[in-house]
>>> print(open('input.tsv').read())   # TSV, C-alpha atoms
chain	number	residue	atom	x	y	z
H	1	ALA	CA	0.00	0.00	0.00
H	2	VAL	CA	1.07	3.55	-0.70
H	3	ASP	CA	0.77	6.10	2.11
H	4	LEU	CA	-1.31	9.07	0.93
H	5	ASN	CA	-1.54	12.37	2.74
H	6	ALA	CA	-4.21	14.20	0.73
H	7	ALA	CA	-4.18	17.11	3.17
H	8	SER	CA	-0.52	17.97	2.57
H	9	GLY	CA	-0.44	16.80	-1.05
H	10	HIS	CA	2.24	14.15	-0.55
H	11	ALA	CA	2.43	10.38	-1.01
H	12	ASP	CA	4.93	7.53	-1.16
H	13	VAL	CA	6.26	7.23	-4.70
H	14	LEU	CA	6.94	3.94	-6.49
H	15	ALA	CA	9.93	4.44	-8.80
H	16	ALA	CA	10.12	2.42	-12.02
H	17	ALA	CA	12.37	2.50	-15.06
H	18	ASP	CA	9.63	1.48	-17.52
H	19	ALA	CA	6.75	-0.43	-15.92
H	20	THR	CA	4.85	-3.17	-17.73
H	21	GLY	CA	1.75	-5.24	-16.99
H	22	ALA	CA	-1.13	-4.52	-14.60
H	23	THR	CA	-0.59	-3.39	-11.02
H	24	THR	CA	-3.07	-2.62	-8.25
H	25	VAL	CA	-2.17	0.27	-5.97
H	26	ASN	CA	-3.76	0.25	-2.50
H	27	LEU	CA	-3.95	3.59	-0.73
H	28	ASN	CA	-3.31	4.00	2.98
H	29	LEU	CA	-5.06	7.30	3.74
H	30	VAL	CA	-2.88	9.02	6.34
H	31	ALA	CA	-4.94	12.22	6.13
H	32	GLY	CA	-7.95	12.88	3.95
H	33	GLY	CA	-8.82	15.94	1.94
H	34	PHE	CA	-9.63	17.10	-1.54
H	35	ILE	CA	-6.62	16.96	-3.84
H	36	SER	CA	-6.10	20.28	-5.63
H	37	SER	CA	-3.14	19.11	-7.74
H	38	PRO	CA	-2.59	15.45	-8.75
H	39	ILE	CA	-0.20	13.58	-6.42
H	40	VAL	CA	2.39	11.32	-8.06
H	41	VAL	CA	2.42	7.74	-6.74
H	42	VAL	CA	4.29	6.01	-9.59
H	43	SER	CA	7.24	7.76	-11.26
H	44	GLN	CA	8.72	6.31	-14.44
H	45	SER	CA	12.08	7.40	-15.80
H	46	ALA	CA	11.05	6.09	-19.22
H	47	ASP	CA	7.78	5.16	-20.90
H	48	ALA	CA	8.75	3.25	-24.03
H	49	ASP	CA	6.26	0.50	-23.21
H	50	ALA	CA	2.99	2.41	-22.59
H	51	SER	CA	0.93	-0.74	-22.05
H	52	GLU	CA	1.28	-0.67	-18.26
H	53	ALA	CA	-1.84	-0.17	-16.14
H	54	PHE	CA	-2.00	0.94	-12.53
H	55	THR	CA	-5.44	0.81	-10.92
H	56	ARG	CA	-6.61	1.91	-7.52
H	57	GLY	CA	-7.28	-0.92	-5.12
H	58	ALA	CA	-8.50	-0.62	-1.55
H	59	VAL	CA	-8.51	2.65	0.37
H	60	PHE	CA	-7.52	2.13	4.00
H	61	GLY	CA	-8.88	4.90	6.21
H	62	ASP	CA	-11.99	7.04	6.08
H	63	PRO	CA	-12.35	8.86	2.73
H	64	GLY	CA	-15.67	10.44	3.77
H	65	ILE	CA	-17.52	11.89	0.76
H	66	ILE	CA	-14.31	12.10	-1.30
H	67	ALA	CA	-13.45	9.47	-3.92
H	68	TYR	CA	-9.81	8.84	-4.92
H	69	ALA	CA	-8.70	7.52	-8.30
H	70	VAL	CA	-5.41	6.54	-9.93
H	71	GLY	CA	-4.73	7.69	-13.49
H	72	LYS	CA	-1.91	8.42	-15.90
H	73	GLN	CA	-0.42	11.88	-16.33
H	74	GLY	CA	2.42	12.06	-18.82
H	75	SER	CA	4.67	9.12	-18.02
H	76	ASP	CA	3.70	9.08	-14.35
H	77	TRP	CA	0.67	7.75	-12.48
H	78	VAL	CA	-1.08	10.08	-10.08
H	79	VAL	CA	-3.90	10.17	-7.53
H	80	THR	CA	-6.80	12.56	-8.09
H	81	SER	CA	-10.00	13.13	-6.14
H	82	SER	CA	-13.65	13.91	-6.76
H	83	VAL	CA	-16.82	14.19	-4.72
H	84	ASP	CA	-18.41	10.76	-4.26
H	85	ALA	CA	-21.93	11.32	-5.62
H	86	ASN	CA	-23.35	8.28	-3.81
H	87	ALA	CA	-21.93	9.23	-0.42
H	88	ALA	CA	-22.55	12.97	-0.79
H	89	ALA	CA	-26.03	12.87	-2.37
H	90	SER	CA	-27.92	14.02	0.73
H	91	VAL	CA	-25.36	16.79	1.34
H	92	VAL	CA	-25.03	18.38	-2.11
H	93	THR	CA	-28.68	17.94	-3.21
H	94	ASN	CA	-30.39	21.13	-2.10
H	95	VAL	CA	-33.31	20.17	0.16
H	96	THR	CA	-35.37	23.20	-0.94
H	97	SER	CA	-36.55	21.19	-3.96
H	98	ALA	CA	-38.22	18.69	-1.62
H	99	LEU	CA	-39.58	21.50	0.57
H	100	SER	CA	-41.18	23.13	-2.47
H	101	THR	CA	-42.88	19.84	-3.40
H	102	LEU	CA	-44.11	19.41	0.16
H	103	ALA	CA	-45.58	22.92	0.33
H	104	GLY	CA	-47.26	22.61	-3.06
H	105	SER	CA	-48.92	19.37	-2.02
H	106	PHE	CA	-49.98	20.43	1.48
H	107	PHE	CA	-51.32	23.98	1.16
H	108	ALA	CA	-54.53	25.02	-0.63
H	109	PRO	CA	-56.54	28.25	-1.00
H	110	ALA	CA	-58.68	28.92	2.09
H	111	SER	CA	-61.80	29.62	0.04
H	112	THR	CA	-62.03	25.93	-0.89
H	113	LEU	CA	-63.02	25.24	2.73
H	114	VAL	CA	-66.00	27.61	2.69
H	115	SER	CA	-69.48	26.53	1.67
H	116	TYR	CA	-71.10	29.61	0.20
H	117	ARG	CA	-74.31	30.74	1.83
H	118	ARG	CA	-76.31	33.85	1.12
H	119	GLY	CA	-76.29	36.19	4.11
H	120	GLY	CA	-78.27	39.24	5.03
H	121	GLU	CA	-76.89	42.58	3.95
H	122	ASN	CA	-73.64	43.33	5.86
H	123	GLU	CA	-74.15	40.27	8.06
H	124	ASN	CA	-71.05	39.26	10.03
H	125	THR	CA	-70.03	35.66	10.60
H	126	CYS	CA	-66.96	33.70	11.66
H	127	GLY	CA	-65.70	30.20	11.02
H	128	LEU	CA	-63.14	27.73	12.31
H	129	TRP	CA	-61.57	25.14	10.01
H	130	PHE	CA	-59.03	22.36	10.15
H	131	ARG	CA	-57.36	19.96	7.73
H	132	THR	CA	-54.86	17.10	7.80
H	133	ASP	CA	-52.72	15.89	4.93
H	134	ALA	CA	-50.20	13.09	4.41
H	135	GLY	CA	-48.28	12.12	1.30
H	136	ARG	CA	-45.30	10.42	-0.27
H	137	TYR	CA	-43.43	11.38	-3.44
H	138	ASP	CA	-40.46	10.01	-5.36
H	139	LEU	CA	-38.37	12.87	-6.74
H	140	ASP	CA	-35.51	12.93	-9.23
H	141	SER	CA	-33.18	15.93	-9.17
H	142	THR	CA	-30.21	16.68	-11.40
H	143	VAL	CA	-27.17	17.89	-9.47
H	144	SER	CA	-24.38	19.52	-11.44
H	145	GLY	CA	-21.23	21.32	-10.45
H	146	GLY	CA	-18.49	20.44	-12.89
H	147	GLY	CA	-14.91	19.77	-11.92
H	148	GLY	CA	-14.62	17.35	-9.03
H	149	LEU	CA	-18.39	17.22	-8.55
H	150	GLY	CA	-19.61	16.36	-12.02
H	151	THR	CA	-23.27	15.77	-12.84
H	152	PHE	CA	-25.48	13.06	-11.38
H	153	THR	CA	-29.11	12.25	-10.63
H	154	SER	CA	-30.18	12.39	-6.99
H	155	ARG	CA	-33.22	10.17	-6.31
H	156	GLN	CA	-35.14	11.16	-3.21
H	157	ARG	CA	-38.23	9.91	-1.42
H	158	LEU	CA	-40.26	12.54	0.45
H	159	SER	CA	-42.78	11.45	3.08
H	160	TYR	CA	-44.75	13.84	5.28
H	161	ALA	CA	-47.83	14.38	7.43
H	162	GLY	CA	-49.22	17.61	8.82
H	163	ALA	CA	-52.15	19.46	10.31
H	164	GLN	CA	-53.43	22.99	9.78
H	165	ALA	CA	-56.15	25.11	11.40
H	166	GLY	CA	-57.56	28.52	10.64
H	167	LEU	CA	-60.00	31.10	11.95
H	168	ASP	CA	-61.61	33.77	9.82
H	169	CYS	CA	-64.46	36.26	9.98
H	170	ALA	CA	-66.49	37.65	7.12
H	171	SER	CA	-68.82	40.40	6.11
H	172	LEU	CA	-71.52	38.88	3.88
H	173	ASN	CA	-73.41	40.54	1.05
H	174	ILE	CA	-71.60	43.85	1.49
H	175	ASP	CA	-74.08	46.70	0.96
H	176	GLY	CA	-76.31	44.29	-0.94
H	177	SER	CA	-73.67	43.75	-3.65
H	178	GLY	CA	-73.47	39.98	-3.26
H	179	TRP	CA	-69.77	40.18	-2.39
H	180	ASN	CA	-68.50	38.39	0.72
H	181	ALA	CA	-65.13	39.37	2.25
H	182	HIS	CA	-63.23	36.96	4.53
H	183	ALA	CA	-60.01	37.52	6.46
H	184	GLY	CA	-58.28	35.14	8.84
H	185	VAL	CA	-55.19	33.63	10.37
H	186	THR	CA	-53.80	30.11	10.12
H	187	GLY	CA	-51.11	27.94	11.63
H	188	GLY	CA	-49.98	24.35	11.95
H	189	GLN	CA	-47.07	21.98	11.58
H	190	ILE	CA	-45.68	19.53	9.02
H	191	GLU	CA	-43.28	16.69	9.82
H	192	GLY	CA	-41.55	14.47	7.32
H	193	ASP	CA	-38.31	13.09	5.97
H	194	VAL	CA	-36.32	13.01	2.75
H	195	GLY	CA	-34.37	9.82	2.09
H	196	GLN	CA	-32.04	8.89	-0.75
H	197	ARG	CA	-33.19	6.12	-3.09
H	198	GLY	CA	-29.96	4.36	-3.97
H	199	GLY	CA	-27.83	6.91	-2.14
H	200	ILE	CA	-26.71	7.56	1.39
H	201	GLY	CA	-28.16	9.95	3.95
H	202	SER	CA	-31.50	11.34	5.06
H	203	THR	CA	-33.04	14.58	6.28
H	204	ASP	CA	-35.81	14.89	8.87
H	205	ILE	CA	-38.14	17.86	8.51
H	206	GLU	CA	-40.10	19.70	11.19
H	207	ALA	CA	-41.87	22.79	9.89
H	208	PRO	CA	-44.26	24.80	12.07
H	209	PHE	CA	-45.86	27.68	10.18
H	210	ALA	CA	-48.13	30.68	10.64
H	211	GLY	CA	-49.85	32.96	8.19
H	212	ALA	CA	-52.76	35.16	7.23
H	213	TYR	CA	-55.19	35.07	4.34
H	214	ALA	CA	-58.12	36.88	2.77
H	215	PHE	CA	-60.57	36.02	0.04
H	216	LEU	CA	-63.55	37.46	-1.77
H	217	THR	CA	-66.51	35.49	-3.10
H	218	ASN	CA	-69.48	36.49	-5.17
H	219	GLY	CA	-71.59	33.55	-6.21
H	220	ALA	CA	-69.46	31.72	-8.76
H	221	LEU	CA	-66.33	33.87	-8.32
H	222	ALA	CA	-63.59	33.50	-5.70
H	223	PHE	CA	-60.29	35.39	-5.28
H	224	ASP	CA	-57.67	34.34	-2.66
H	225	VAL	CA	-54.47	35.91	-1.33
H	226	SER	CA	-52.28	34.56	1.44
H	227	VAL	CA	-48.92	35.03	3.11
H	228	ARG	CA	-47.14	32.41	5.20
H	229	ARG	CA	-43.94	32.04	7.19
H	230	ASP	CA	-42.40	28.58	7.67
H	231	PHE	CA	-39.90	27.90	10.46
H	232	ASN	CA	-37.99	24.87	9.20
H	233	SER	CA	-35.91	22.66	11.45
H	234	LEU	CA	-33.93	20.07	9.48
H	235	LYS	CA	-31.89	17.18	10.88
H	236	PHE	CA	-29.24	15.82	8.51
H	237	SER	CA	-27.82	12.31	8.87
H	238	ASN	CA	-24.94	11.07	6.72
H	239	ARG	CA	-22.17	8.98	8.29
H	240	PHE	CA	-19.73	9.81	5.48
H	241	ALA	CA	-20.15	13.53	6.12
H	242	GLY	CA	-20.03	13.27	9.91
H	243	LEU	CA	-23.70	14.22	10.25
H	244	ASP	CA	-25.72	12.50	12.97
H	245	ASP	CA	-29.11	14.22	13.36
H	246	THR	CA	-27.27	17.51	12.88
H	247	GLU	CA	-29.87	20.24	13.29
H	248	VAL	CA	-29.96	23.08	10.76
H	249	ASP	CA	-32.50	25.89	10.91
H	250	GLY	CA	-34.13	27.61	7.99
H	251	GLU	CA	-37.09	29.78	7.11
H	252	ALA	CA	-39.37	30.31	4.13
H	253	THR	CA	-41.73	33.11	3.17
H	254	THR	CA	-44.59	32.41	0.77
H	255	VAL	CA	-47.02	34.73	-1.00
H	256	ALA	CA	-49.82	33.15	-3.04
H	257	GLY	CA	-52.80	34.24	-5.08
H	258	ALA	CA	-55.63	32.24	-6.67
H	259	ALA	CA	-58.81	32.76	-8.65
H	260	SER	CA	-61.64	30.41	-9.59
H	261	TYR	CA	-65.01	30.51	-11.33
H	262	ARG	CA	-67.86	28.01	-11.01
H	263	ALA	CA	-70.01	27.48	-14.09
H	264	ASN	CA	-73.33	25.82	-13.23
H	265	PHE	CA	-74.98	23.62	-15.87
H	266	GLY	CA	-78.16	22.73	-13.99
H	267	GLY	CA	-79.11	19.57	-12.15
H	268	GLY	CA	-76.30	20.09	-9.64
H	269	LEU	CA	-73.51	19.82	-12.24
H	270	SER	CA	-70.74	22.45	-12.27
H	271	VAL	CA	-67.36	23.01	-13.89
H	272	SER	CA	-64.81	25.26	-12.18
H	273	PRO	CA	-61.62	26.47	-13.88
H	274	SER	CA	-58.95	27.90	-11.57
H	275	ALA	CA	-55.52	29.52	-11.65
H	276	GLU	CA	-52.94	29.93	-8.89
H	277	ILE	CA	-49.49	31.49	-8.56
H	278	THR	CA	-47.15	30.96	-5.59
H	279	TYR	CA	-43.82	32.63	-4.81
H	280	THR	CA	-41.55	31.26	-2.07
H	281	ARG	CA	-38.14	32.36	-0.81
H	282	TYR	CA	-36.17	29.76	1.14
H	283	GLU	CA	-33.28	30.41	3.52
H	284	LEU	CA	-31.09	27.78	5.21
H	285	ASP	CA	-28.26	28.23	7.70
H	286	THR	CA	-24.72	27.10	6.87
H	287	PHE	CA	-23.70	23.86	8.55
H	288	ARG	CA	-20.45	22.00	9.13
H	289	ILE	CA	-19.45	18.56	7.83
H	290	ALA	CA	-16.54	16.23	8.58
H	291	SER	CA	-15.63	14.17	5.53
H	292	GLY	CA	-13.31	11.66	7.13
H	293	THR	CA	-10.46	13.83	8.39
H	294	ALA	CA	-11.37	16.66	5.99
H	295	PRO	CA	-13.64	19.28	7.62
H	296	GLY	CA	-15.79	21.61	5.57
H	297	SER	CA	-19.08	23.44	5.36
H	298	VAL	CA	-22.25	23.52	3.27
H	299	SER	CA	-23.97	26.82	2.53
H	300	ALA	CA	-27.35	26.80	0.82
H	301	GLY	CA	-27.99	30.52	1.24
H	302	SER	CA	-31.35	31.55	-0.21
H	303	ASP	CA	-33.36	30.14	-3.10
H	304	GLU	CA	-36.65	30.98	-4.76
H	305	ALA	CA	-39.56	29.11	-6.34
H	306	LEU	CA	-42.30	30.50	-8.57
H	307	VAL	CA	-44.99	27.89	-9.17
H	308	ALA	CA	-48.03	28.32	-11.41
H	309	LYS	CA	-51.05	26.05	-11.48
H	310	LEU	CA	-53.94	25.83	-13.96
H	311	GLY	CA	-56.78	23.43	-13.23
H	312	VAL	CA	-60.38	22.52	-13.85
H	313	GLN	CA	-62.82	20.74	-11.55
H	314	ILE	CA	-66.09	19.00	-12.30
H	315	ALA	CA	-68.54	18.47	-9.45
H	316	TYR	CA	-72.06	17.19	-8.90
H	317	VAL	CA	-74.09	18.40	-5.89
H	318	GLN	CA	-76.81	16.15	-4.50
H	319	GLN	CA	-79.25	17.03	-1.74
H	320	VAL	CA	-79.57	13.99	0.51
H	321	GLY	CA	-81.52	15.56	3.39
H	322	PRO	CA	-83.48	18.69	4.32
H	323	SER	CA	-80.23	20.62	4.83
H	324	THR	CA	-77.57	18.08	3.89
H	325	TYR	CA	-75.63	18.00	0.61
H	326	LEU	CA	-73.03	15.66	-0.91
H	327	GLN	CA	-70.68	16.68	-3.70
H	328	PRO	CA	-68.37	14.21	-5.44
H	329	TYR	CA	-65.74	15.98	-7.53
H	330	ALA	CA	-62.72	15.39	-9.74
H	331	ASN	CA	-59.96	17.80	-10.60
H	332	VAL	CA	-57.08	17.83	-13.05
H	333	SER	CA	-54.34	20.47	-12.99
H	334	ALA	CA	-51.03	21.33	-14.63
H	335	TRP	CA	-48.15	22.72	-12.54
H	336	HIS	CA	-44.93	24.45	-13.56
H	337	ASP	CA	-42.08	25.86	-11.51
H	338	PHE	CA	-40.53	28.77	-13.39
H	339	ASP	CA	-37.55	28.88	-11.02
H	340	GLY	CA	-36.93	25.21	-10.31
H	341	GLU	CA	-33.18	25.52	-9.75
H	342	SER	CA	-31.48	25.91	-6.39
H	343	ASP	CA	-27.81	26.02	-5.50
H	344	LEU	CA	-25.41	25.57	-2.64
H	345	SER	CA	-21.67	25.59	-2.05
H	346	LEU	CA	-19.63	22.75	-0.60
H	347	SER	CA	-16.33	23.99	0.82
H	348	PHE	CA	-13.46	21.92	2.19
H	349	ASP	CA	-11.26	23.71	4.71
H	350	ASP	CA	-7.63	24.48	3.99
H	351	VAL	CA	-5.82	21.77	5.96
H	352	GLY	CA	-2.52	22.15	4.16
H	353	SER	CA	-3.17	21.78	0.44
H	354	GLY	CA	-5.50	24.72	-0.03
H	355	ALA	CA	-9.24	25.25	0.33
H	356	ASN	CA	-11.63	23.87	-2.27
H	357	THR	CA	-15.18	25.07	-2.99
H	358	PHE	CA	-17.74	23.45	-5.25
H	359	HIS	CA	-20.95	25.07	-6.39
H	360	ALA	CA	-23.74	22.53	-6.81
H	361	ASN	CA	-26.85	23.36	-8.79
H	362	THR	CA	-29.96	21.25	-8.13
H	363	THR	CA	-32.79	21.10	-10.67
H	364	GLY	CA	-35.87	19.43	-9.22
H	365	PRO	CA	-39.27	18.62	-10.72
H	366	THR	CA	-40.45	21.55	-12.83
H	367	SER	CA	-43.57	20.37	-14.71
H	368	PHE	CA	-46.13	17.75	-13.77
H	369	GLY	CA	-49.82	16.97	-13.67
H	370	GLN	CA	-52.04	16.39	-10.66
H	371	TYR	CA	-55.21	14.30	-10.60
H	372	THR	CA	-57.59	14.69	-7.66
H	373	GLY	CA	-60.82	13.01	-6.64
H	374	GLY	CA	-62.87	13.61	-3.50
H	375	LEU	CA	-66.18	13.92	-1.72
H	376	ALA	CA	-67.42	17.10	-0.01
H	377	PHE	CA	-70.39	17.36	2.32
H	378	ALA	CA	-72.25	20.19	4.03
H	379	ASP	CA	-75.12	20.74	6.44
H	380	THR	CA	-76.43	24.26	6.05
H	381	LYS	CA	-78.55	24.05	9.19
H	382	LEU	CA	-75.67	22.97	11.42
H	383	GLY	CA	-73.18	25.25	9.64
H	384	PHE	CA	-70.73	22.38	9.17
H	385	SER	CA	-68.94	21.23	6.04
H	386	GLY	CA	-66.05	18.93	5.24
H	387	TYR	CA	-64.28	16.90	2.60
H	388	ILE	CA	-61.96	13.99	1.97
H	389	GLN	CA	-59.82	13.62	-1.14
H	390	GLY	CA	-56.91	11.81	-2.73
H	391	ALA	CA	-54.42	13.30	-5.18
H	392	TRP	CA	-51.77	11.86	-7.48
H	393	ARG	CA	-48.90	13.75	-9.13
H	394	GLU	CA	-47.08	12.44	-12.17
H	395	GLY	CA	-44.27	13.99	-14.18
H	396	ALA	CA	-40.86	13.22	-15.64
H	397	ASP	CA	-39.18	13.79	-12.25
H	398	ILE	CA	-41.99	13.21	-9.74
H	399	SER	CA	-44.44	10.48	-8.85
H	400	GLY	CA	-46.59	10.10	-5.76
H	401	GLY	CA	-49.76	11.05	-3.98
H	402	SER	CA	-51.45	12.37	-0.88
H	403	LEU	CA	-54.62	11.98	1.20
H	404	THR	CA	-56.39	14.99	2.71
H	405	ALA	CA	-59.36	15.49	5.03
H	406	GLY	CA	-60.77	18.70	6.47
H	407	GLY	CA	-63.79	20.40	7.92
H	408	ARG	CA	-65.25	23.78	8.81
H	409	VAL	CA	-67.82	25.04	11.28
H	410	ASP	CA	-69.46	28.49	11.00
H	411	PHE	CA	-70.75	30.36	14.02
>>> encode(input="input.tsv", output="structure tokens")
Amino acid sequence: AVDLNAASGHADVLAAADATGATTVNLNLVAGGFISSPIVVVSQSADADASEAFTRGAVFGDPGIIAYAVGKQGSDWVVTSSVDANAAASVVTNVTSALSTLAGSFFAPASTLVSYRRGGENENTCGLWFRTDAGRYDLDSTVSGGGGLGTFTSRQRLSYAGAQAGLDCASLNIDGSGWNAHAGVTGGQIEGDVGQRGGIGSTDIEAPFAGAYAFLTNGALAFDVSVRRDFNSLKFSNRFAGLDDTEVDGEATTVAGAASYRANFGGGLSVSPSAEITYTRYELDTFRIASGTAPGSVSAGSDEALVAKLGVQIAYVQQVGPSTYLQPYANVSAWHDFDGESDLSLSFDDVGSGANTFHANTTGPTSFGQYTGGLAFADTKLGFSGYIQGAWREGADISGGSLTAGGRVDF
């Protein structure tokens, strides 16, 4: 075995006049680190017979998320390094892509939880609502950085469950115009995890959130606006990067707007087109890693997402009691993220051979379709309504679904 000190840039050197045949070179890693300049391990004074082949054998020691290779340079054979995509997947794949998918699946316009009722002129009313949602998605992201990072596909599995509640008050039939104005506050928490499919490492997610919303309705029309602040607590685990439930804090601010129109065709049948736009800015604290004996840091900084949704829903309302209604419905929608790229920097400390920084760009799912089916119910006498639904998302880089249930009581 050849002693290799990647930190200082030195190694034992095998001297040969003109090597022939195939030879395996085992590396005894005295100190790890990213190699800035190739380190000679086999020096030939001549290279008349260029058929020789030196290949890397075992690596003794802890390489962490760094991969070492042996290759030819001129007449000599040298050791170079790169980031091990399999070992580093959970570190260099920006988690904001998974957070964006989670938020898009969990949150919905508040007006969808209100059963319209005609009120007296300038009548005031309030309502309390709640909803739970759980889902699982398989995500493919392309990570690219060039140089020692290269380009690879990071395959993640996102699982989550959460609960949300809200309270709003409204002024109905404002000055006899038929317009109803609602304003309220909301809060809740989502918990989940992001694991690597075929890679190493995982990230636990705990995301309490709070926000405010307002919406206007007038018969068939509805307009929503909302703002939300997420307080993300992430726990990274990756033994090759020295991460063991390492807690990293982050925040996200979201502003969203939506509009819908319900076209009634008689007999309880309706078709409702809708459009929605959501902007989110993500921020994540820098955290430290220990790749074997090579310390470093990961900085995600801030990233943005701008997601648009166009959909159409068909529903059929049936009266099943004096004041009780059932409404089966189906919805299909197209989603697109106009800013689906996020980036981070992976920096190895200068431990003798110079500092090295890699900039990793993550491109997550950008376009996909969602197919939703559910059943809503309402009792106008009791002032209670609710729904249960299932949704499935399918696209080139995403596949998975969720189950949601919620209810509202007016008082």
>>> atom_distance(input="input.tsv", atom1="atom CA of Val248 of chain H", atom2="atom CA of Val194 of chain H")
14.4 Å
>>> residues_around(input="input.tsv", residues="Gly33 of chain H", least_positions_apart="2", cutoff="12 Å", atoms="only C-alpha atoms", output="PDB file with C-alpha atoms, in the coordinates of the input")
ATOM      1  CA  LEU H   4      -1.310   9.070   0.930  1.00  0.00           C
ATOM      2  CA  ASN H   5      -1.540  12.370   2.740  1.00  0.00           C
ATOM      3  CA  ALA H   6      -4.210  14.200   0.730  1.00  0.00           C
ATOM      4  CA  ALA H   7      -4.180  17.110   3.170  1.00  0.00           C
ATOM      5  CA  SER H   8      -0.520  17.970   2.570  1.00  0.00           C
ATOM      6  CA  GLY H   9      -0.440  16.800  -1.050  1.00  0.00           C
ATOM      7  CA  HIS H  10       2.240  14.150  -0.550  1.00  0.00           C
ATOM      8  CA  LEU H  29      -5.060   7.300   3.740  1.00  0.00           C
ATOM      9  CA  VAL H  30      -2.880   9.020   6.340  1.00  0.00           C
ATOM     10  CA  ALA H  31      -4.940  12.220   6.130  1.00  0.00           C
ATOM     11  CA  ILE H  35      -6.620  16.960  -3.840  1.00  0.00           C
ATOM     12  CA  SER H  36      -6.100  20.280  -5.630  1.00  0.00           C
ATOM     13  CA  SER H  37      -3.140  19.110  -7.740  1.00  0.00           C
ATOM     14  CA  GLY H  61      -8.880   4.900   6.210  1.00  0.00           C
ATOM     15  CA  ASP H  62     -11.990   7.040   6.080  1.00  0.00           C
ATOM     16  CA  PRO H  63     -12.350   8.860   2.730  1.00  0.00           C
ATOM     17  CA  GLY H  64     -15.670  10.440   3.770  1.00  0.00           C
ATOM     18  CA  ILE H  65     -17.520  11.890   0.760  1.00  0.00           C
ATOM     19  CA  ILE H  66     -14.310  12.100  -1.300  1.00  0.00           C
ATOM     20  CA  ALA H  67     -13.450   9.470  -3.920  1.00  0.00           C
ATOM     21  CA  TYR H  68      -9.810   8.840  -4.920  1.00  0.00           C
ATOM     22  CA  THR H  80      -6.800  12.560  -8.090  1.00  0.00           C
ATOM     23  CA  SER H  81     -10.000  13.130  -6.140  1.00  0.00           C
ATOM     24  CA  SER H  82     -13.650  13.910  -6.760  1.00  0.00           C
ATOM     25  CA  VAL H  83     -16.820  14.190  -4.720  1.00  0.00           C
ATOM     26  CA  ALA H 290     -16.540  16.230   8.580  1.00  0.00           C
ATOM     27  CA  SER H 291     -15.630  14.170   5.530  1.00  0.00           C
ATOM     28  CA  GLY H 292     -13.310  11.660   7.130  1.00  0.00           C
ATOM     29  CA  THR H 293     -10.460  13.830   8.390  1.00  0.00           C
ATOM     30  CA  ALA H 294     -11.370  16.660   5.990  1.00  0.00           C
ATOM     31  CA  PRO H 295     -13.640  19.280   7.620  1.00  0.00           C
ATOM     32  CA  GLY H 296     -15.790  21.610   5.570  1.00  0.00           C
ATOM     33  CA  SER H 347     -16.330  23.990   0.820  1.00  0.00           C
ATOM     34  CA  PHE H 348     -13.460  21.920   2.190  1.00  0.00           C
ATOM     35  CA  ASP H 349     -11.260  23.710   4.710  1.00  0.00           C
ATOM     36  CA  ASP H 350      -7.630  24.480   3.990  1.00  0.00           C
ATOM     37  CA  VAL H 351      -5.820  21.770   5.960  1.00  0.00           C
ATOM     38  CA  GLY H 352      -2.520  22.150   4.160  1.00  0.00           C
ATOM     39  CA  SER H 353      -3.170  21.780   0.440  1.00  0.00           C
ATOM     40  CA  GLY H 354      -5.500  24.720  -0.030  1.00  0.00           C
ATOM     41  CA  ALA H 355      -9.240  25.250   0.330  1.00  0.00           C
ATOM     42  CA  ASN H 356     -11.630  23.870  -2.270  1.00  0.00           C
TER      43      ASN H 356
END
>>> residues_around(input="input.tsv", residues="Asn232 of chain H", least_positions_apart="4", cutoff="8 Å", atoms="only C-alpha atoms", output="VMD selection string")
chain H and resid 205 to 208 249 to 252
>>> closest_residue(input="input.tsv", among="H:Ser274, H:Ser171, H:Gln319, H:Gln389", to="Pro109 of chain H", atoms="all atoms listed in the file")
H:Ser274
>>> closest_residue(input="input.tsv", among="H:Leu167, H:Val227, H:Ala89, H:Ala214", to="Ser202 of chain H", atoms="all atoms listed in the file")
H:Ala89
